[in-house]
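Working notes, beginning with the structure itself.
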Amino acid sequence: MVQPCSCFSPGARSPPSPQITFYEGKSFTGRKLEVCGSCVSFQDRGFLNRVNSICVQSGAWVCFDHPDFRGQQYILEHGEYPDFYRWNGRGDHLGSCRPVGMVSGCCWIKIFEGNHFSGPSMELTEDCSFLQGQGWEKTCINALKVYGDGAWVLYEEPNYRGRMYVVERGEFCNFNTWQARSASVQSIRRVINYI
């Protein structure tokens with residue numbers, strides 16, 4: 001049996017807890033799974049890994065195509081996704097998800113050409129649809145540091161396309177630490193919570 005969400009309390013005045021709903025069918029049909037926090041395995045919650053539509057009620061989420069937060073990552077922000085093409089999915093298979101930290105106040109990212117924070121570097125405080133257009137000479141990033149309370153999405157292609165990887169506050173000494181297949185990154189944007 002799919003477990004319902006129980007994260008809202010009547011009369012609460014704080015911002016709503018992150019909530020996302022997965023549907024087996026397109027356009028929000030079929031069985032559904034409501035999630036209010038990290039979910040290591042959809043199957044453990046009684047839901048098959050087949051997902052064809054998603055509704056993000058609050059927060060921002062990173063979804064993975066395998067359990068245990070592994071595999072291809074997809075970032076989903078507040079809104080409706082009636083089919084997997086809307087979240088740049090390559091199929092209807094998802095296995096786990098977790099909420100992402102939100103931008104609140106100052107947040108910036110420092111990227112490095114070399115592993116272990118070596119070589120040329122650049123700091124960003126705003127979205128960048130094409131790093132090479134901002135003076136970044138390479139099409140790769142081998143290390144980075146995320147500062148402040150927020151998260152960023154790294155894209156392998158310009159204009160926020162291609163494989164994506166979510167990074168939150170911390171230091172990442174090489175591309176393996178953010179689960180990338182290669183160091184290729186050509187655009188970066190902040191994760192924003194539109195409630």
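Each chain in the structure tokens gets a letter, A, B, ..., in the order shown, and its residues are numbered from 1; ligands are numbered from 1 in order too.
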Long-range neighbours of segment 162-172 of chain A as a ChimeraX atom specification, 7 Å cut-off, only C-alpha atoms, 4 positions minimum in chain: /A:73-74,101,143-157,177-178,180
Can you write just those residues out, N, CA, C and O atoms, as a PDB file, in the first residue's frame?
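part_17.pdb was written with the following content:
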```
ATOM      1  N   GLN A  73      20.270  12.260 -12.276  1.00  0.00           N
ATOM      2  CA  GLN A  73      19.577  13.192 -11.396  1.00  0.00           C
ATOM      3  C   GLN A  73      18.647  14.094 -12.211  1.00  0.00           C
ATOM      4  O   GLN A  73      18.964  14.462 -13.339  1.00  0.00           O
ATOM      5  N   TYR A  74      17.524  14.446 -11.595  1.00  0.00           N
ATOM      6  CA  TYR A  74      16.577  15.383 -12.187  1.00  0.00           C
ATOM      7  C   TYR A  74      16.165  16.371 -11.111  1.00  0.00           C
ATOM      8  O   TYR A  74      15.762  15.965 -10.026  1.00  0.00           O
ATOM      9  N   GLY A 101      18.145  21.946  -0.627  1.00  0.00           N
ATOM     10  CA  GLY A 101      18.225  23.199   0.111  1.00  0.00           C
ATOM     11  C   GLY A 101      17.840  24.379  -0.756  1.00  0.00           C
ATOM     12  O   GLY A 101      18.117  24.394  -1.955  1.00  0.00           O
ATOM     13  N   ALA A 143      36.445  20.748  -9.946  1.00  0.00           N
ATOM     14  CA  ALA A 143      36.219  20.894  -8.506  1.00  0.00           C
ATOM     15  C   ALA A 143      35.377  22.142  -8.286  1.00  0.00           C
ATOM     16  O   ALA A 143      35.340  23.035  -9.146  1.00  0.00           O
ATOM     17  N   LEU A 144      34.707  22.207  -7.137  1.00  0.00           N
ATOM     18  CA  LEU A 144      33.917  23.396  -6.833  1.00  0.00           C
ATOM     19  C   LEU A 144      33.640  23.481  -5.347  1.00  0.00           C
ATOM     20  O   LEU A 144      33.751  22.500  -4.615  1.00  0.00           O
ATOM     21  N   LYS A 145      33.274  24.696  -4.927  1.00  0.00           N
ATOM     22  CA  LYS A 145      32.871  24.959  -3.546  1.00  0.00           C
ATOM     23  C   LYS A 145      31.563  25.730  -3.580  1.00  0.00           C
ATOM     24  O   LYS A 145      31.421  26.689  -4.343  1.00  0.00           O
ATOM     25  N   VAL A 146      30.594  25.298  -2.765  1.00  0.00           N
ATOM     26  CA  VAL A 146      29.301  25.968  -2.667  1.00  0.00           C
ATOM     27  C   VAL A 146      29.226  26.632  -1.306  1.00  0.00           C
ATOM     28  O   VAL A 146      29.416  25.986  -0.278  1.00  0.00           O
ATOM     29  N   TYR A 147      28.939  27.931  -1.301  1.00  0.00           N
ATOM     30  CA  TYR A 147      28.871  28.722  -0.078  1.00  0.00           C
ATOM     31  C   TYR A 147      27.440  29.201   0.151  1.00  0.00           C
ATOM     32  O   TYR A 147      26.691  29.423  -0.789  1.00  0.00           O
ATOM     33  N   GLY A 148      27.082  29.413   1.413  1.00  0.00           N
ATOM     34  CA  GLY A 148      25.768  29.944   1.749  1.00  0.00           C
ATOM     35  C   GLY A 148      24.724  28.856   1.833  1.00  0.00           C
ATOM     36  O   GLY A 148      25.007  27.667   1.749  1.00  0.00           O
ATOM     37  N   ASP A 149      23.477  29.293   2.008  1.00  0.00           N
ATOM     38  CA  ASP A 149      22.355  28.363   2.141  1.00  0.00           C
ATOM     39  C   ASP A 149      21.623  28.259   0.820  1.00  0.00           C
ATOM     40  O   ASP A 149      20.744  29.044   0.518  1.00  0.00           O
ATOM     41  N   GLY A 150      21.978  27.292   0.044  1.00  0.00           N
ATOM     42  CA  GLY A 150      21.318  27.115  -1.237  1.00  0.00           C
ATOM     43  C   GLY A 150      21.907  25.959  -1.999  1.00  0.00           C
ATOM     44  O   GLY A 150      22.777  25.243  -1.506  1.00  0.00           O
ATOM     45  N   ALA A 151      21.415  25.784  -3.197  1.00  0.00           N
ATOM     46  CA  ALA A 151      21.878  24.695  -4.052  1.00  0.00           C
ATOM     47  C   ALA A 151      22.000  25.208  -5.480  1.00  0.00           C
ATOM     48  O   ALA A 151      21.362  26.194  -5.859  1.00  0.00           O
ATOM     49  N   TRP A 152      22.809  24.513  -6.254  1.00  0.00           N
ATOM     50  CA  TRP A 152      23.044  24.850  -7.654  1.00  0.00           C
ATOM     51  C   TRP A 152      22.874  23.605  -8.501  1.00  0.00           C
ATOM     52  O   TRP A 152      23.084  22.491  -8.021  1.00  0.00           O
ATOM     53  N   VAL A 153      22.494  23.805  -9.763  1.00  0.00           N
ATOM     54  CA  VAL A 153      22.399  22.706 -10.716  1.00  0.00           C
ATOM     55  C   VAL A 153      23.452  22.920 -11.784  1.00  0.00           C
ATOM     56  O   VAL A 153      23.532  24.000 -12.386  1.00  0.00           O
ATOM     57  N   LEU A 154      24.272  21.900 -12.010  1.00  0.00           N
ATOM     58  CA  LEU A 154      25.290  21.921 -13.057  1.00  0.00           C
ATOM     59  C   LEU A 154      24.739  21.160 -14.259  1.00  0.00           C
ATOM     60  O   LEU A 154      24.209  20.058 -14.099  1.00  0.00           O
ATOM     61  N   TYR A 155      24.891  21.721 -15.456  1.00  0.00           N
ATOM     62  CA  TYR A 155      24.407  21.078 -16.682  1.00  0.00           C
ATOM     63  C   TYR A 155      25.578  20.811 -17.610  1.00  0.00           C
ATOM     64  O   TYR A 155      26.474  21.660 -17.755  1.00  0.00           O
ATOM     65  N   GLU A 156      25.534  19.668 -18.277  1.00  0.00           N
ATOM     66  CA  GLU A 156      26.612  19.315 -19.196  1.00  0.00           C
ATOM     67  C   GLU A 156      26.612  20.160 -20.461  1.00  0.00           C
ATOM     68  O   GLU A 156      27.639  20.286 -21.120  1.00  0.00           O
ATOM     69  N   GLU A 157      25.475  20.759 -20.813  1.00  0.00           N
ATOM     70  CA  GLU A 157      25.366  21.525 -22.048  1.00  0.00           C
ATOM     71  C   GLU A 157      24.954  22.960 -21.752  1.00  0.00           C
ATOM     72  O   GLU A 157      24.408  23.248 -20.684  1.00  0.00           O
ATOM     73  N   THR A 177      32.678  13.401  -6.949  1.00  0.00           N
ATOM     74  CA  THR A 177      32.014  13.703  -5.679  1.00  0.00           C
ATOM     75  C   THR A 177      30.612  14.265  -5.873  1.00  0.00           C
ATOM     76  O   THR A 177      29.817  14.254  -4.934  1.00  0.00           O
ATOM     77  N   TRP A 178      30.284  14.763  -7.071  1.00  0.00           N
ATOM     78  CA  TRP A 178      28.894  15.155  -7.332  1.00  0.00           C
ATOM     79  C   TRP A 178      28.211  14.163  -8.283  1.00  0.00           C
ATOM     80  O   TRP A 178      27.207  14.448  -8.899  1.00  0.00           O
ATOM     81  N   ALA A 180      29.041  12.848 -11.142  1.00  0.00           N
ATOM     82  CA  ALA A 180      29.058  13.077 -12.590  1.00  0.00           C
ATOM     83  C   ALA A 180      29.842  11.984 -13.302  1.00  0.00           C
ATOM     84  O   ALA A 180      30.726  11.353 -12.714  1.00  0.00           O
TER      85      ALA A 180
END
```
Residues within 10 Å of Gln72 of chain A, only C-alpha atoms, excluding chain neighbours under 6 positions, as a list in words: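 Once the adjacent positions are removed, what remains is Val62, Cys63, Phe64, Asp65, His66, Gly89, Arg90, Leu94, Arg163, Met164, Tyr165, Gln179, Ala180 and Arg181 of chain A.
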Residues flagged helix (DSSP H, G or I) by DSSP in segment 9-132 of chain A, as a ChimeraX atom specification: /A:43-45,84-87,115-117,131-132
One-decimal distance in Å that lies between atom CA of Glu80 of chain A and atom CA of Arg45 of chain A: 22.1 Å
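Among the candidates A:Arg190, A:His78, A:Arg50, A:Arg70, the one nearest to Gln19 of chain A when counting only C-alpha atoms is A:His78.
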Nearest residue to Ser41 of chain A from the set A:Pro18, A:Pro67, A:Gly25, A:Pro99 (distances using only C-alpha atoms):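 Comparing A:Pro18, A:Pro67, A:Gly25, A:Pro99 against Ser41 of chain A, the winner is A:Pro67.
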Residue neighbourhood segment 35-38 of chain A, 7 Å, only C-alpha atoms, exclusion window fewer than 5 positions, as a ChimeraX atom specification: /A:5,7,17-21,97-99
